[in-house]
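One structure below.
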Amino acid sequence: MVTGSGMKILLFGGSGQLGYSLKMQAQDLNFELVAPVSSEVDISSLEQVLFLTKQLKPDLVVNCAAHTAIDKAEVQQEVCWRINHRGAANVAQAVSLVGGRMIHISTEQVFPGTGTTPLREGDPTGPLNVYGQSKLAGEQDVLQILADRALIVRTSALHGQRGVNFVSTMLKLFADKDEVRVVNDQKVSPTWAGWLAEVILDLGRTGTSGVVHACCEGVTSWYDFACAIRDCSSLASSAPIKPVSSAEFGRPARRPSFSAFDCARLTSLLGRRPISWQEGLKRHLTEVGALKAAGAGLKGKEL
Ligand SMILES: NC(=O)c1ccc[n+]([C@@H]2O[C@H](COP(=O)([O-])OP(=O)(O)OC[C@H]3O[C@@H](n4cnc5c(N)ncnc54)[C@H](OP(=O)(O)O)[C@@H]3O)[C@@H](O)[C@H]2O)c1
């Protein structure tokens, strides 16, 4: 873990789940951080991004801002591309003109996810949905504009105390529904935003470039993740969880069947392995005051 020691960070997307965790960690570690909300700086406007970047001259710009609603993106294609592609390119353009480095957050959705082994940074991409396509185009432009002054951090299945995510949705459904249906044929590595925020700050100090995969360790299905949330949460009811296939669930956007990451590059850069997804879940539930009393086990099935 590093401390701020004079590093100035400009953060886009600071009100989102990852951005909020990043703001909290940066504060604790005495980084100088400025995080405009989207009504102050819309990243799809180069003029607005450049104006603030010129004013601040940050050492590091972190872009957590994105259109993240995967299903809505199928029908809101224009706005999704404007934020995830144009917005990312605008931030890179501003950094290229003003100086400094950029960390851009991307996603497992850039992969088709048809394999069964953890995905490496150089594996062939091939998004199945509009969100993934727009994020991939954003990655490509950021790297083209900034070359070795940019780092793309791909992550997966984020959950944090802010915003709507799988954990907060499950806690709500457990309280409201008699039965909860969860997809059991997509394998993921659930990643706690608090852990990732710490990793991003550490990577910011290393000056690393290229692409790095960063997710919590281990692979599980959404169904088994839901069972683990129910088993560990003090808020959850005993609502039965019914496993269903992606086809039965019928969401508008297709998703990868297997999207866990190989984090060997991250481990070697930081000199430590990611925490497990079970530990990430425990810390999230602790953060929101919803962890079952000591002794409660995490029974989520590791695949
Ligand atoms: N959520 C996941 O499961 C997941 C998985 C893998 C990767 N990622 C990536 O991780 C990053 C963070 O995701 P997240 O889940 O923390 O996102 P989030 O909670 O949906 O937050 C998105 C953030 O982007 C901001 N934003 C949206 N449009 C903007 C615009 N035009 N200009 C400036 N800011 C804008 C939002 O601000 P307002 O609230 O003011 O609109 C919000 O702060 C994204 O790059 C995402 O692609 C997410």
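Letters for chains follow the order of the structure tokens (A, B, ...), residue numbers begin at 1 for each chain, and ligand numbers begin at 1 in the order shown.
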Please identify all polymer residues within 7 Å of A:Lys242, counting only C-alpha atoms, omitting same-chain residues fewer than 6 positions from it, and present them as a PDB file with all heavy atoms, in the first residue's frame.
```pdb
ATOM      1  N   VAL A 180     -36.016 -16.300  -5.465  1.00  0.00           N
ATOM      2  CA  VAL A 180     -35.127 -15.470  -6.281  1.00  0.00           C
ATOM      3  C   VAL A 180     -34.502 -16.339  -7.365  1.00  0.00           C
ATOM      4  O   VAL A 180     -33.903 -17.371  -7.065  1.00  0.00           O
ATOM      5  CB  VAL A 180     -34.015 -14.827  -5.386  1.00  0.00           C
ATOM      6  CG1 VAL A 180     -33.093 -13.970  -6.221  1.00  0.00           C
ATOM      7  CG2 VAL A 180     -34.644 -14.015  -4.264  1.00  0.00           C
ATOM      8  N   ARG A 181     -34.670 -15.948  -8.640  1.00  0.00           N
ATOM      9  CA  ARG A 181     -34.102 -16.711  -9.759  1.00  0.00           C
ATOM     10  C   ARG A 181     -32.745 -16.118 -10.115  1.00  0.00           C
ATOM     11  O   ARG A 181     -32.623 -14.899 -10.282  1.00  0.00           O
ATOM     12  CB  ARG A 181     -35.015 -16.633 -10.980  1.00  0.00           C
ATOM     13  CG  ARG A 181     -36.349 -17.317 -10.797  1.00  0.00           C
ATOM     14  CD  ARG A 181     -37.379 -16.820 -11.789  1.00  0.00           C
ATOM     15  NE  ARG A 181     -37.151 -17.326 -13.131  1.00  0.00           N
ATOM     16  CZ  ARG A 181     -36.892 -16.575 -14.202  1.00  0.00           C
ATOM     17  NH1 ARG A 181     -36.825 -15.279 -14.106  1.00  0.00           N
ATOM     18  NH2 ARG A 181     -36.714 -17.124 -15.375  1.00  0.00           N
ATOM     19  N   VAL A 182     -31.731 -16.982 -10.222  1.00  0.00           N
ATOM     20  CA  VAL A 182     -30.381 -16.484 -10.539  1.00  0.00           C
ATOM     21  C   VAL A 182     -29.733 -17.382 -11.590  1.00  0.00           C
ATOM     22  O   VAL A 182     -29.831 -18.617 -11.513  1.00  0.00           O
ATOM     23  CB  VAL A 182     -29.483 -16.427  -9.268  1.00  0.00           C
ATOM     24  CG1 VAL A 182     -28.126 -15.817  -9.608  1.00  0.00           C
ATOM     25  CG2 VAL A 182     -30.139 -15.619  -8.163  1.00  0.00           C
TER      26      VAL A 182
END
```
Using only C-alpha atoms and all ligand atoms, which protein or nucleic acid residues are at most 6 Å from ligand 1, as a PDB file with N, CA and C atoms, in the first residue's frame?
```pdb
ATOM      1  N   PHE A  12     -12.558  10.817 -12.840  1.00  0.00           N
ATOM      2  CA  PHE A  12     -13.882  10.908 -13.455  1.00  0.00           C
ATOM      3  C   PHE A  12     -14.693   9.684 -13.037  1.00  0.00           C
ATOM      4  N   GLY A  13     -15.969   9.903 -12.692  1.00  0.00           N
ATOM      5  CA  GLY A  13     -16.827   8.798 -12.252  1.00  0.00           C
ATOM      6  C   GLY A  13     -16.754   8.569 -10.753  1.00  0.00           C
ATOM      7  N   GLY A  14     -16.424   9.615 -10.003  1.00  0.00           N
ATOM      8  CA  GLY A  14     -16.238   9.496  -8.551  1.00  0.00           C
ATOM      9  C   GLY A  14     -17.519   9.230  -7.780  1.00  0.00           C
ATOM     10  N   SER A  15     -18.684   9.376  -8.436  1.00  0.00           N
ATOM     11  CA  SER A  15     -19.933   9.100  -7.717  1.00  0.00           C
ATOM     12  C   SER A  15     -20.390   7.658  -7.929  1.00  0.00           C
ATOM     13  N   GLY A  16     -19.710   6.898  -8.782  1.00  0.00           N
ATOM     14  CA  GLY A  16     -20.087   5.511  -9.038  1.00  0.00           C
ATOM     15  C   GLY A  16     -19.538   4.574  -7.977  1.00  0.00           C
ATOM     16  N   GLN A  17     -19.824   3.292  -8.100  1.00  0.00           N
ATOM     17  CA  GLN A  17     -19.404   2.381  -7.015  1.00  0.00           C
ATOM     18  C   GLN A  17     -17.879   2.276  -6.902  1.00  0.00           C
ATOM     19  N   LEU A  18     -17.175   2.131  -8.011  1.00  0.00           N
ATOM     20  CA  LEU A  18     -15.712   2.064  -7.923  1.00  0.00           C
ATOM     21  C   LEU A  18     -15.124   3.426  -7.592  1.00  0.00           C
ATOM     22  N   GLY A  19     -15.627   4.464  -8.283  1.00  0.00           N
ATOM     23  CA  GLY A  19     -15.098   5.812  -8.070  1.00  0.00           C
ATOM     24  C   GLY A  19     -15.254   6.254  -6.625  1.00  0.00           C
ATOM     25  N   VAL A  37     -18.359  15.828 -10.536  1.00  0.00           N
ATOM     26  CA  VAL A  37     -19.502  14.976 -10.891  1.00  0.00           C
ATOM     27  C   VAL A  37     -19.838  15.225 -12.363  1.00  0.00           C
ATOM     28  N   SER A  38     -20.687  14.370 -12.923  1.00  0.00           N
ATOM     29  CA  SER A  38     -20.924  14.447 -14.373  1.00  0.00           C
ATOM     30  C   SER A  38     -21.629  15.746 -14.781  1.00  0.00           C
ATOM     31  N   VAL A  41     -18.468  18.060 -15.129  1.00  0.00           N
ATOM     32  CA  VAL A  41     -17.682  17.710 -16.319  1.00  0.00           C
ATOM     33  C   VAL A  41     -18.281  16.450 -16.949  1.00  0.00           C
ATOM     34  N   ASP A  42     -18.778  16.622 -18.162  1.00  0.00           N
ATOM     35  CA  ASP A  42     -19.305  15.497 -18.934  1.00  0.00           C
ATOM     36  C   ASP A  42     -18.149  15.009 -19.808  1.00  0.00           C
ATOM     37  N   ILE A  43     -17.738  13.767 -19.607  1.00  0.00           N
ATOM     38  CA  ILE A  43     -16.542  13.318 -20.345  1.00  0.00           C
ATOM     39  C   ILE A  43     -16.787  13.212 -21.850  1.00  0.00           C
ATOM     40  N   SER A  44     -18.056  13.257 -22.267  1.00  0.00           N
ATOM     41  CA  SER A  44     -18.268  13.226 -23.709  1.00  0.00           C
ATOM     42  C   SER A  44     -18.015  14.593 -24.354  1.00  0.00           C
ATOM     43  N   CYS A  64     -13.065   6.325 -14.228  1.00  0.00           N
ATOM     44  CA  CYS A  64     -14.042   5.297 -13.809  1.00  0.00           C
ATOM     45  C   CYS A  64     -15.412   5.611 -14.388  1.00  0.00           C
ATOM     46  N   ALA A  65     -15.528   6.720 -15.122  1.00  0.00           N
ATOM     47  CA  ALA A  65     -16.842   7.107 -15.659  1.00  0.00           C
ATOM     48  C   ALA A  65     -17.200   6.212 -16.830  1.00  0.00           C
ATOM     49  N   ALA A  66     -18.436   5.755 -16.848  1.00  0.00           N
ATOM     50  CA  ALA A  66     -18.868   4.879 -17.936  1.00  0.00           C
ATOM     51  C   ALA A  66     -20.382   4.768 -17.941  1.00  0.00           C
ATOM     52  N   HIS A  67     -20.905   4.337 -19.071  1.00  0.00           N
ATOM     53  CA  HIS A  67     -22.305   3.907 -19.161  1.00  0.00           C
ATOM     54  C   HIS A  67     -22.254   2.411 -18.882  1.00  0.00           C
ATOM     55  N   THR A  68     -22.711   1.989 -17.691  1.00  0.00           N
ATOM     56  CA  THR A  68     -22.472   0.612 -17.250  1.00  0.00           C
ATOM     57  C   THR A  68     -23.720  -0.285 -17.298  1.00  0.00           C
ATOM     58  N   ILE A  83     -20.236   7.868 -24.261  1.00  0.00           N
ATOM     59  CA  ILE A  83     -19.534   7.914 -22.970  1.00  0.00           C
ATOM     60  C   ILE A  83     -18.343   6.941 -22.960  1.00  0.00           C
ATOM     61  N   ILE A 105     -10.457   2.389 -16.677  1.00  0.00           N
ATOM     62  CA  ILE A 105     -11.052   1.138 -16.203  1.00  0.00           C
ATOM     63  C   ILE A 105     -11.888   0.498 -17.316  1.00  0.00           C
ATOM     64  N   SER A 106     -11.631  -0.785 -17.536  1.00  0.00           N
ATOM     65  CA  SER A 106     -12.414  -1.497 -18.542  1.00  0.00           C
ATOM     66  C   SER A 106     -12.964  -2.800 -17.951  1.00  0.00           C
ATOM     67  N   THR A 107     -13.407  -3.679 -18.799  1.00  0.00           N
ATOM     68  CA  THR A 107     -14.323  -4.729 -18.364  1.00  0.00           C
ATOM     69  C   THR A 107     -14.069  -6.094 -18.998  1.00  0.00           C
ATOM     70  N   GLU A 108     -14.544  -7.123 -18.311  1.00  0.00           N
ATOM     71  CA  GLU A 108     -14.507  -8.488 -18.856  1.00  0.00           C
ATOM     72  C   GLU A 108     -15.419  -8.635 -20.073  1.00  0.00           C
ATOM     73  N   THR A 155     -11.554  -5.105 -15.155  1.00  0.00           N
ATOM     74  CA  THR A 155     -12.055  -5.794 -13.974  1.00  0.00           C
ATOM     75  C   THR A 155     -13.389  -6.474 -14.292  1.00  0.00           C
ATOM     76  N   SER A 156     -13.951  -7.159 -13.286  1.00  0.00           N
ATOM     77  CA  SER A 156     -15.175  -7.921 -13.583  1.00  0.00           C
ATOM     78  C   SER A 156     -16.121  -7.939 -12.395  1.00  0.00           C
ATOM     79  N   ALA A 157     -17.416  -8.045 -12.685  1.00  0.00           N
ATOM     80  CA  ALA A 157     -18.455  -8.273 -11.674  1.00  0.00           C
ATOM     81  C   ALA A 157     -18.231  -7.472 -10.388  1.00  0.00           C
ATOM     82  N   LEU A 158     -18.193  -6.139 -10.555  1.00  0.00           N
ATOM     83  CA  LEU A 158     -17.891  -5.259  -9.412  1.00  0.00           C
ATOM     84  C   LEU A 158     -19.041  -5.172  -8.416  1.00  0.00           C
ATOM     85  N   GLY A 163     -24.116   2.485  -5.049  1.00  0.00           N
ATOM     86  CA  GLY A 163     -24.741   2.124  -6.314  1.00  0.00           C
ATOM     87  C   GLY A 163     -25.419   0.760  -6.297  1.00  0.00           C
TER      88      GLY A 163
END
```
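DSSP annotation of stretch 113-301 of chain A from backbone atoms: strand (DSSP E) residues are A:Ala150, A:Leu151, A:Ile152, A:Val153, A:Arg154, A:Thr155, A:Leu158, A:His159, A:Val180, A:Arg181, A:Val182, A:Val183, A:Lys187, A:Val188, A:Thr191, A:Trp192, A:Gly210, A:Val211, A:Val212, A:His213, A:Thr220, A:Ser221, A:Ile241, A:Lys242, A:Pro243, A:Val244.
Counting only C-alpha atoms and comparing A:Ala69, A:Ala88, A:Val211, A:Leu136, the residue that lies closest to A:Asp148 is A:Val211.
Comparing A:Gln278, A:Thr206, A:Ser259, A:Thr169 by their smallest distance to A:Pro127, the closest is A:Ser259 (using only C-alpha atoms).
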Note to self: For the helix (DSSP H, G or I) assignment from backbone DSSP, which residues of stretch 1-228 of chain A qualify? Please present them as an MDAnalysis selection string.
What the structure shows: chainID A and resid 17:28 46:56 70:73 77:98 108:110 130:149 166:176 193:206 222:228
For A:Gly218: contacts at 10 Å, only C-alpha atoms, fewer than 4 positions along chain excluded, given as a PDB file with N, CA and C atoms, in the first residue's frame:
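File written: part-v1.pdb
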```
ATOM      1  N   PRO A 118      -8.996 -19.048 -17.069  1.00  0.00           N
ATOM      2  CA  PRO A 118      -8.952 -17.610 -16.798  1.00  0.00           C
ATOM      3  C   PRO A 118      -8.304 -16.810 -17.935  1.00  0.00           C
ATOM      4  N   VAL A 188     -18.010 -16.187 -13.086  1.00  0.00           N
ATOM      5  CA  VAL A 188     -17.399 -14.858 -12.921  1.00  0.00           C
ATOM      6  C   VAL A 188     -16.446 -14.844 -11.728  1.00  0.00           C
ATOM      7  N   SER A 189     -15.691 -13.769 -11.618  1.00  0.00           N
ATOM      8  CA  SER A 189     -14.888 -13.521 -10.413  1.00  0.00           C
ATOM      9  C   SER A 189     -15.413 -12.246  -9.768  1.00  0.00           C
ATOM     10  N   PRO A 190     -16.334 -12.371  -8.816  1.00  0.00           N
ATOM     11  CA  PRO A 190     -16.882 -11.167  -8.185  1.00  0.00           C
ATOM     12  C   PRO A 190     -15.758 -10.355  -7.534  1.00  0.00           C
ATOM     13  N   THR A 191     -15.801  -9.051  -7.752  1.00  0.00           N
ATOM     14  CA  THR A 191     -14.678  -8.203  -7.322  1.00  0.00           C
ATOM     15  C   THR A 191     -15.174  -7.056  -6.462  1.00  0.00           C
ATOM     16  N   ALA A 260     -13.716 -15.162 -15.906  1.00  0.00           N
ATOM     17  CA  ALA A 260     -12.718 -14.968 -14.839  1.00  0.00           C
ATOM     18  C   ALA A 260     -11.385 -14.581 -15.471  1.00  0.00           C
ATOM     19  N   PHE A 261     -10.585 -13.809 -14.740  1.00  0.00           N
ATOM     20  CA  PHE A 261      -9.293 -13.335 -15.239  1.00  0.00           C
ATOM     21  C   PHE A 261      -8.126 -14.095 -14.633  1.00  0.00           C
ATOM     22  N   ASP A 262      -7.084 -14.202 -15.422  1.00  0.00           N
ATOM     23  CA  ASP A 262      -5.771 -14.596 -14.913  1.00  0.00           C
ATOM     24  C   ASP A 262      -5.090 -13.302 -14.458  1.00  0.00           C
ATOM     25  N   PRO A 274      -4.332 -11.163  -5.456  1.00  0.00           N
ATOM     26  CA  PRO A 274      -5.632 -10.568  -5.094  1.00  0.00           C
ATOM     27  C   PRO A 274      -6.255 -11.309  -3.911  1.00  0.00           C
ATOM     28  N   ILE A 275      -7.116 -10.644  -3.184  1.00  0.00           N
ATOM     29  CA  ILE A 275      -7.895 -11.332  -2.153  1.00  0.00           C
ATOM     30  C   ILE A 275      -8.930 -12.236  -2.849  1.00  0.00           C
ATOM     31  N   SER A 276      -9.460 -13.219  -2.139  1.00  0.00           N
ATOM     32  CA  SER A 276     -10.454 -14.108  -2.744  1.00  0.00           C
ATOM     33  C   SER A 276     -11.801 -13.377  -2.873  1.00  0.00           C
ATOM     34  N   TRP A 277     -12.670 -13.892  -3.762  1.00  0.00           N
ATOM     35  CA  TRP A 277     -13.984 -13.236  -3.894  1.00  0.00           C
ATOM     36  C   TRP A 277     -14.772 -13.391  -2.608  1.00  0.00           C
ATOM     37  N   GLN A 278     -14.518 -14.497  -1.879  1.00  0.00           N
ATOM     38  CA  GLN A 278     -15.251 -14.686  -0.608  1.00  0.00           C
ATOM     39  C   GLN A 278     -14.850 -13.608   0.405  1.00  0.00           C
ATOM     40  N   LYS A 301     -19.825 -21.885  -3.658  1.00  0.00           N
ATOM     41  CA  LYS A 301     -19.071 -22.989  -4.246  1.00  0.00           C
ATOM     42  C   LYS A 301     -17.966 -22.463  -5.152  1.00  0.00           C
ATOM     43  N   GLU A 302     -16.754 -22.889  -4.941  1.00  0.00           N
ATOM     44  CA  GLU A 302     -15.623 -22.536  -5.799  1.00  0.00           C
ATOM     45  C   GLU A 302     -15.557 -23.542  -6.921  1.00  0.00           C
ATOM     46  N   LEU A 303     -15.467 -23.037  -8.158  1.00  0.00           N
ATOM     47  CA  LEU A 303     -15.500 -23.968  -9.285  1.00  0.00           C
ATOM     48  C   LEU A 303     -14.114 -24.256  -9.797  1.00  0.00           C
TER      49      LEU A 303
END
```
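For the set A:Ala137, A:Val34, A:Leu281, A:Leu128, the residue with the smallest atom-to-atom gap to A:Trp195 is A:Leu281, counting only C-alpha atoms.
The environment of A:Met7 within 9 Å, counting only C-alpha atoms and disregarding residues fewer than 4 places along the same chain, consists of Thr3, Asn30, Phe31, Glu32, Leu33, Pro58, Asp59, Leu60 and Arg205 of chain A.
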Please, could you write that set of residues out with C-alpha atoms as a PDB file, in the first residue's frame?
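And here is the file that came out, result_13.pdb:
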```pdb
ATOM      1  CA  THR A   3       0.534   6.815   0.379  1.00  0.00           C
ATOM      2  CA  ASN A  30      -3.595  11.583   1.704  1.00  0.00           C
ATOM      3  CA  PHE A  31      -3.654  11.700  -2.077  1.00  0.00           C
ATOM      4  CA  GLU A  32      -4.695  15.074  -3.489  1.00  0.00           C
ATOM      5  CA  LEU A  33      -7.800  14.129  -5.450  1.00  0.00           C
ATOM      6  CA  PRO A  58      -2.832  16.249 -12.496  1.00  0.00           C
ATOM      7  CA  ASP A  59      -0.063  13.647 -12.288  1.00  0.00           C
ATOM      8  CA  LEU A  60      -2.653  10.939 -12.881  1.00  0.00           C
ATOM      9  CA  ARG A 205       2.391   4.883  -8.391  1.00  0.00           C
TER      10      ARG A 205
END
```
Next item on the list: For atom CA of A:Pro252 and atom CA of A:Val79, determine how far apart the two atoms are, in Å to one decimal place.
Entry: 17.0 Å
Notebook entry, point to check: So what do you get for atom CA of A:Arg154 versus atom CA of A:Arg120, distance-wise?
Noted result: 10.4 Å
Margin query: List as a PyMOL selection string the protein and nucleic acid residues near A:Ser21, meaning an atom at most 6 Å away when only C-alpha atoms are counted, but skip any in the same chain fewer than 3 places from it.
Written below: chain A and resi 18+24+194+197
Residues from the last selection, C-alpha atoms, saved as a compact mmCIF listing (two decimals), in the first residue's frame:
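Printed below is out.txt as written:
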```
# COMPACT_ATOMS: atom_id res chain seq x y z
CA LEU A 18 -15.71 2.06 -7.92
CA MET A 24 -12.52 7.17 0.14
CA GLY A 194 -12.76 -1.49 -2.02
CA ALA A 197 -9.61 0.95 -5.40
```
Notebook entry, point to check: Using only C-alpha atoms, which of the listed residues (A:Leu46, A:Ile241, A:Leu97, A:Cys232) sits closest to A:His284?
Noted result: A:Cys232
